[in-house]
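Engineer: My structure is stored as entry.cif, with mmCIF, C-alpha atoms and all ligand atoms.
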data_work
loop_
_atom_site.label_atom_id
_atom_site.label_comp_id
_atom_site.auth_asym_id
_atom_site.auth_seq_id
_atom_site.Cartn_x
_atom_site.Cartn_y
_atom_site.Cartn_z
CA MET A 1 73.38 127.70 80.30
CA LEU A 2 73.66 126.79 83.91
CA ILE A 3 74.32 123.17 82.96
CA VAL A 4 77.02 124.18 80.50
CA ASN A 5 78.71 126.36 83.11
CA ARG A 6 78.62 123.59 85.65
CA PHE A 7 80.13 121.20 83.13
CA LEU A 8 82.93 123.65 82.35
CA PHE A 9 83.53 124.19 86.05
CA LEU A 10 83.79 120.44 86.65
CA ALA A 11 86.07 120.01 83.64
CA GLY A 12 88.30 122.75 84.98
CA LEU A 13 88.34 121.18 88.41
CA THR A 14 89.36 117.84 86.93
CA LEU A 15 92.24 119.52 85.15
CA LEU A 16 93.31 121.17 88.39
CA VAL A 17 93.24 117.90 90.28
CA ALA A 18 95.06 116.01 87.53
CA GLY A 19 97.67 118.75 87.19
CA PRO A 20 99.82 119.41 84.14
CA ALA A 21 102.54 116.96 85.25
CA SER A 22 100.26 114.00 85.89
CA ALA A 23 101.64 110.74 84.56
CA ALA A 24 98.25 109.82 83.17
CA SER A 25 98.26 110.98 79.61
CA SER A 26 95.43 113.02 78.17
CA CYS A 27 96.84 112.43 74.71
CA GLY A 28 94.44 109.68 73.82
CA PRO A 29 94.92 105.97 73.22
CA ASP A 30 96.74 106.41 69.92
CA LYS A 31 99.70 108.04 71.70
CA LEU A 32 102.38 106.24 73.68
CA GLY A 33 101.79 108.27 76.86
CA THR A 34 103.35 107.74 80.28
CA SER A 35 101.76 104.81 82.08
CA ARG A 36 102.84 105.34 85.70
CA ASP A 37 105.32 106.94 88.06
CA ILE A 38 107.91 105.23 90.24
CA ALA A 39 108.98 107.27 93.26
CA ILE A 40 112.72 107.25 93.89
CA ASP A 41 113.81 107.64 97.50
CA GLY A 42 117.23 109.27 97.50
CA GLY A 43 117.88 108.26 101.08
CA GLU A 44 118.17 104.53 100.49
CA GLY A 45 121.74 104.45 99.16
CA LEU A 46 120.62 103.01 95.84
CA ALA A 47 122.77 102.34 92.79
CA LEU A 48 120.57 101.18 89.90
CA GLY A 49 121.13 99.83 86.41
CA LEU A 50 122.43 96.37 85.56
CA GLN A 51 125.21 97.51 83.24
CA SER A 52 127.07 98.91 86.27
CA TYR A 53 125.33 97.63 89.40
CA PRO A 54 123.76 94.33 90.53
CA THR A 55 120.49 96.12 91.34
CA THR A 56 117.95 97.87 89.20
CA LEU A 57 114.42 99.21 89.28
CA ALA A 58 111.73 96.55 89.54
CA LEU A 59 109.96 97.32 86.29
CA HIS A 60 107.23 95.14 84.88
CA ASP A 61 107.77 93.32 81.63
CA HIS A 62 107.69 95.77 78.69
CA GLU A 63 108.19 98.82 80.91
CA VAL A 64 110.94 101.32 80.12
CA VAL A 65 112.40 104.37 81.81
CA LEU A 66 113.84 106.83 79.30
CA THR A 67 116.88 108.84 80.37
CA PHE A 68 118.88 111.48 78.51
CA ASP A 69 122.41 112.61 79.45
CA ASP A 70 124.75 115.51 78.72
CA GLY A 71 122.23 118.27 77.97
CA PRO A 72 120.87 120.73 77.73
CA ALA A 73 122.18 121.09 74.20
CA ALA A 74 121.11 122.49 70.84
CA THR A 75 119.25 119.24 70.08
CA THR A 76 117.34 119.11 73.38
CA ALA A 77 114.37 121.14 72.09
CA GLN A 78 113.88 118.57 69.33
CA ILE A 79 113.97 115.79 71.93
CA LEU A 80 111.40 117.63 74.06
CA ASN A 81 109.14 118.15 71.05
CA ALA A 82 109.20 114.43 70.24
CA LEU A 83 108.42 113.47 73.85
CA ALA A 84 105.61 116.05 74.05
CA ALA A 85 104.05 114.76 70.84
CA GLU A 86 103.61 111.34 72.50
CA CYS A 87 102.93 112.62 76.07
CA VAL A 88 106.05 110.81 77.24
CA ARG A 89 107.95 111.88 80.37
CA ALA A 90 111.67 111.20 80.76
CA THR A 91 114.58 111.96 83.07
CA PHE A 92 117.32 114.36 82.00
CA PHE A 93 120.74 114.02 83.64
CA ALA A 94 121.98 117.53 82.94
CA ILE A 95 125.54 118.86 82.98
CA GLY A 96 125.75 121.88 85.28
CA SER A 97 127.74 124.10 82.92
CA ASN A 98 125.27 123.37 80.11
CA ALA A 99 122.33 124.12 82.38
CA ALA A 100 123.89 127.46 83.31
CA ALA A 101 124.24 128.27 79.61
CA MET A 102 120.70 127.16 78.65
CA PRO A 103 118.48 127.65 81.72
CA ALA A 104 115.30 128.08 79.67
CA THR A 105 115.67 124.56 78.29
CA VAL A 106 116.01 123.07 81.77
CA LYS A 107 112.97 125.06 82.91
CA ARG A 108 111.07 123.65 79.94
CA GLU A 109 112.02 120.09 80.96
CA VAL A 110 110.55 120.71 84.41
CA SER A 111 107.44 122.51 83.17
CA GLU A 112 106.66 119.67 80.75
CA GLY A 113 106.67 117.10 83.53
CA HIS A 114 110.11 115.58 83.08
CA SER A 115 112.46 114.78 85.93
CA VAL A 116 115.81 116.52 86.09
CA GLY A 117 118.88 114.86 87.56
CA TYR A 118 122.57 115.66 87.81
CA HIS A 119 125.60 114.58 85.81
CA SER A 120 128.44 116.69 87.30
CA ASN A 121 129.29 120.29 86.47
CA THR A 122 132.02 119.83 83.88
CA HIS A 123 131.75 116.20 82.73
CA PRO A 124 135.53 115.88 83.25
CA ALA A 125 137.29 113.97 80.49
CA ARG A 126 139.43 112.08 83.00
CA THR A 127 136.24 111.24 84.95
CA LEU A 128 135.28 112.03 88.52
CA ARG A 129 136.90 108.75 89.61
CA LEU A 130 140.38 109.92 88.63
CA MET A 131 140.05 113.43 90.04
CA PRO A 132 141.27 114.18 93.55
CA LEU A 133 138.34 113.30 95.81
CA GLU A 134 137.68 116.82 97.04
CA ALA A 135 137.77 118.20 93.49
CA ALA A 136 135.34 115.52 92.34
CA LYS A 137 132.96 116.33 95.19
CA ALA A 138 133.20 120.03 94.33
CA ASP A 139 132.34 119.24 90.69
CA ILE A 140 129.32 117.21 91.78
CA ASP A 141 128.17 120.00 94.10
CA ALA A 142 128.65 122.71 91.48
CA GLY A 143 126.65 120.62 88.99
CA ILE A 144 123.74 120.25 91.41
CA ALA A 145 123.75 123.96 92.20
CA ALA A 146 123.88 124.98 88.52
CA VAL A 147 121.08 122.63 87.46
CA ASP A 148 118.82 123.59 90.36
CA LYS A 149 119.41 127.29 89.74
CA ALA A 150 118.55 126.84 86.06
CA ALA A 151 115.54 124.63 86.74
CA TYR A 152 114.01 126.26 89.80
CA GLY A 153 115.63 129.70 90.02
CA GLU A 154 117.59 128.88 93.14
CA ALA A 155 119.77 126.16 94.60
CA SER A 156 119.18 125.03 98.16
CA ALA A 157 121.31 122.86 100.42
CA LYS A 158 119.53 119.68 99.34
CA PRO A 159 119.34 118.65 95.67
CA ARG A 160 115.80 119.04 94.34
CA GLY A 161 115.87 115.70 92.56
CA PRO A 162 117.22 112.39 93.93
CA PHE A 163 118.80 111.44 90.59
CA PHE A 164 122.54 111.30 89.84
CA ARG A 165 124.49 109.61 87.06
CA PHE A 166 128.30 109.49 86.96
CA PRO A 167 129.84 110.65 83.68
CA GLY A 168 131.09 107.55 81.89
CA PHE A 169 129.70 105.49 84.83
CA ALA A 170 133.08 106.13 86.49
CA ASP A 171 132.11 106.12 90.15
CA SER A 172 134.27 105.19 93.13
CA PRO A 173 133.27 103.84 96.54
CA ALA A 174 133.97 107.21 98.18
CA LEU A 175 132.01 109.11 95.53
CA LEU A 176 129.09 106.70 95.73
CA ASP A 177 129.01 107.35 99.48
CA TYR A 178 129.12 111.08 98.85
CA VAL A 179 126.26 111.09 96.34
CA HIS A 180 124.20 108.94 98.68
CA ALA A 181 124.96 111.24 101.62
CA ARG A 182 123.68 114.12 99.52
CA GLY A 183 120.34 112.34 99.24
CA MET A 184 120.47 110.94 95.72
CA ALA A 185 120.14 107.54 94.11
CA VAL A 186 122.86 106.71 91.58
CA PHE A 187 121.63 105.70 88.14
CA GLY A 188 123.49 103.55 85.70
CA ALA A 189 121.46 101.99 82.88
CA ASP A 190 120.07 98.61 81.90
CA LEU A 191 120.71 99.26 78.22
CA TRP A 192 121.79 102.03 75.91
CA ALA A 193 121.63 103.20 72.34
CA SER A 194 125.44 103.56 71.96
CA ASP A 195 124.65 107.02 70.60
CA TRP A 196 128.10 108.30 71.54
CA GLN A 197 129.18 106.45 68.41
CA ALA A 198 128.47 108.06 65.04
CA MET A 199 125.61 106.24 63.34
CA THR A 200 122.53 106.95 61.31
CA PRO A 201 119.21 107.42 63.11
CA GLN A 202 118.00 104.21 61.40
CA SER A 203 120.96 102.21 62.73
CA GLU A 204 120.48 103.63 66.21
CA LEU A 205 116.77 102.77 66.16
CA ALA A 206 117.45 99.18 65.09
CA LEU A 207 120.21 98.81 67.69
CA VAL A 208 118.25 100.10 70.67
CA MET A 209 115.01 98.30 69.73
CA GLY A 210 116.93 95.05 69.29
CA ARG A 211 118.50 95.42 72.73
CA LEU A 212 115.20 96.38 74.30
CA GLU A 213 113.29 93.46 72.80
CA LYS A 214 116.02 91.09 74.00
CA LEU A 215 115.96 92.46 77.55
CA GLY A 216 112.20 93.05 77.65
CA LYS A 217 112.34 96.14 79.89
CA GLY A 218 114.76 98.52 81.54
CA ILE A 219 116.31 101.91 82.13
CA VAL A 220 117.42 103.15 78.70
CA LEU A 221 120.27 105.63 78.26
CA PHE A 222 120.33 108.18 75.45
CA HIS A 223 122.10 111.52 75.01
CA ASP A 224 119.92 114.53 74.26
CA SER A 225 123.08 116.14 72.89
CA LYS A 226 123.16 113.74 69.92
CA MET A 227 121.50 114.60 66.63
CA SER A 228 121.08 110.93 65.70
CA THR A 229 119.02 110.46 68.86
CA ALA A 230 116.96 113.59 68.24
CA LYS A 231 116.22 112.38 64.71
CA MET A 232 115.29 108.81 65.62
CA LEU A 233 113.26 109.59 68.74
CA PRO A 234 109.83 110.02 67.05
CA ASP A 235 110.26 106.64 65.33
CA PHE A 236 111.55 105.06 68.54
CA LEU A 237 108.49 106.23 70.49
CA ARG A 238 106.17 104.90 67.76
CA ALA A 239 108.07 101.59 67.83
CA LEU A 240 107.60 101.38 71.61
CA LYS A 241 103.86 101.91 71.13
CA ASP A 242 103.66 99.36 68.30
CA LYS A 243 105.53 96.71 70.33
CA GLY A 244 103.44 97.21 73.46
CA PHE A 245 106.06 98.93 75.63
CA LYS A 246 104.98 101.34 78.37
CA VAL A 247 106.92 104.33 79.67
CA VAL A 248 107.45 104.85 83.40
CA ARG A 249 108.43 108.21 84.82
CA LEU A 250 110.77 108.64 87.77
CA THR A 251 109.65 111.05 90.47
CA ALA A 252 111.05 112.05 93.84
CA GLY A 253 109.27 110.38 96.72
CA ALA A 254 109.41 108.35 99.87
CA GLY A 255 110.52 104.72 99.69
CA PRO A 256 110.71 101.90 99.60
CA THR A 257 111.86 102.25 96.00
CA PRO A 258 110.91 99.07 94.11
CA VAL A 259 114.16 97.35 93.17
CA GLU A 260 115.26 93.92 92.03
CA HIS A 261 118.62 92.21 92.32
CA ALA A 262 120.69 90.36 89.73
CA GLY A 263 121.72 86.77 90.24
CA PRO A 264 125.15 85.62 91.43
CA GLU A 265 126.45 85.44 87.87
CA TRP A 266 126.08 89.21 87.47
CA LYS A 267 129.07 91.13 86.08
CA SER A 268 129.57 94.82 85.37
CA THR A 269 129.60 95.66 81.68
CA THR A 270 130.94 99.13 82.22
CA GLU A 271 133.99 98.39 84.38
CA PRO A 272 135.92 96.57 81.59
CA ILE A 273 135.14 99.53 79.29
CA ILE A 274 136.27 102.03 81.94
CA ALA A 275 139.39 99.97 82.59
CA ARG A 276 140.35 100.13 78.92
CA THR A 277 139.40 103.78 78.55
CA LEU A 278 141.23 104.95 81.66
CA GLY A 279 144.26 102.77 81.12
CA GLY A 280 143.80 100.30 83.93
CA HIS A 281 142.15 102.55 86.49
CA GLY A 282 138.87 100.65 86.48
CA HIS A 283 137.77 98.32 89.23
CA VAL A 284 137.96 95.31 86.93
CA HIS A 285 140.79 94.53 84.56
CA ASP A 286 139.01 92.34 82.09
CA THR A 287 140.08 92.92 78.52
CA THR A 288 138.52 89.77 77.12
CA GLU A 289 135.06 91.24 76.56
CA LYS A 290 134.07 92.75 73.28
CA ALA A 291 135.25 96.32 73.27
CA GLU A 292 132.86 99.19 73.06
CA PRO A 293 134.24 102.71 72.87
CA GLU A 294 134.12 105.07 75.80
CA VAL A 295 130.73 105.71 77.33
CA LYS A 296 130.08 109.44 77.45
ZN ZN A 301 127.65 111.99 80.07
#
Give the structure from the file, written as C-alpha cells.
Structural biologist:
Amino acid sequence: MLIVNRFLFLAGLTLLVAGPASAASSCGPDKLGTSRDIAIDGGEGLALGLQSYPTTLALHDHEVVLTFDDGPAATTAQILNALAAECVRATFFAIGSNAAAMPATVKREVSEGHSVGYHSNTHPARTLRLMPLEAAKADIDAGIAAVDKAAYGEASAKPRGPFFRFPGFADSPALLDYVHARGMAVFGADLWASDWQAMTPQSELALVMGRLEKLGKGIVLFHDSKMSTAKMLPDFLRALKDKGFKVVRLTAGAGPTPVEHAGPEWKSTTEPIIARTLGGHGHVHDTTEKAEPEVK
C-alpha cells in the first residue's frame, strides 16, 4: 500500500512539474503532438513570415507553426476539439470584438495551452494601413485590451502575448513601429490555405499539403472562422503525422528569437495582392503576378 501511494505521489508530482500546457505531449506516439516550443521575444522588432517579410522563424525541416486568424467564431470550438484530439498547440490571432463576444472560447484557447495573439479590434475592411494613423493605433490598442480581458480577465498596459498579425497583412512603416513599440513581434505567414476562398475541405487539404510539401516547413495561416478549415483540420493533422511533420508552439519569452533571412531575390507576395485590393495603395504596384483574391 505504501509503495502504491508513493507511486501515485510521484506520478502526481511529475504531472505538476510537466504542467498542463507543456509542449511535450502525453498523447502517445500515435498522435501528432507538439514537438517543441519557440520563445518569441516581442522586444526585438521582428516581422516574420516570408509571404510579407524577408525574415521568418528558423524552423527545422518538416516543422510547422499553425496559426488561426479572425476568431473566436462559431467554428472555433470544432478547431479546438481537433487540435486537442492530436495534442497540438497553435496560435490564435483573435479579433478584439469577437473576443469580447465569446470570452469563454478565448479562455479555452489559453487553458488548452494555445498562444493567443492580436489581430485588431474591428478587422477594418479598408485595412489599418488606410485608416488615419491615430485611429489605426486605437483599433490595435482596443483589440489588445479586448482579447486580454477575454483571455485573462483583465487588460494591463503591456500586451500579454508578443504576437500581432495585421488584417490582410496591410501594415505600414509607422504601424510596424507602433506594434514593435508595444512589445510585439509582427507575424505574416510562410504559406496559407487560401481558406478565405470558398472550397471544399478536400480541396483545401490538398492545396495546403501541396504547398507545405513544396516549402518543407513554415508558419501556416488558417482562419478558425472558416467551416472548410474546421472540417478538414482532423485530416490535415493526420496528414502532418503521416508525412513526418512536427508542430512547434510559439510562446512568449526572452530572445534571441531564432530567425532566418531570405536571399536577395526575395519579393513580397502580399504587397501585389494588397495593391490590387486597395486600388494602388500597396507598397508595390506589381500587377503581373497571378492574382489571388483579398487575404482576410
Ligand atoms: Zn484576418
Engineer: Enumerate, in order of chain and increasing residue number, the residues of chain A with an atom no farther than 6 Å from ligand ZN 301 (chain A), each with its shortest atom pair and distance in Å to one decimal, counting only C-alpha atoms and all ligand atoms, as a tab-separated table.
Structural biologist:
residue	atom	partner	partner_atom	distance
A:Asp69	CA	A:ZN301	ZN	5.3
A:Asp70	CA	A:ZN301	ZN	4.8
A:Pro167	CA	A:ZN301	ZN	4.4
A:Gly168	CA	A:ZN301	ZN	5.9
A:Lys296	CA	A:ZN301	ZN	4.4
Engineer: Can you tell me, as a list in words, what residues are no more than 8 Å from Asp37 (chain A) when counting only C-alpha atoms, ignoring any on the same chain fewer than 3 positions away?
Structural biologist: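 The contact residues come out as Ala23, Val248, Arg249, Leu250 and Thr251 of chain A.
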Engineer: For region 195-203 of chain A, take all atoms listed in the file, fit an axis-aligned box around them, add 8 Å to each of the six sides, then output centre and edge lengths in Å rounded to one decimal, as AutoDock Vina command-line options.
Structural biologist:
--center_x 123.6 --center_y 105.3 --center_z 66.4 --size_x 27.2 --size_y 22.1 --size_z 26.2
Engineer: So, with all atoms listed in the file as the atoms that count, which of A:Thr105, A:Thr229, A:Thr56, A:Asn121 lies closest to Val208 (chain A)?
Structural biologist: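 Among the listed residues, the smallest separation from Val208 (chain A) belongs to A:Thr229.
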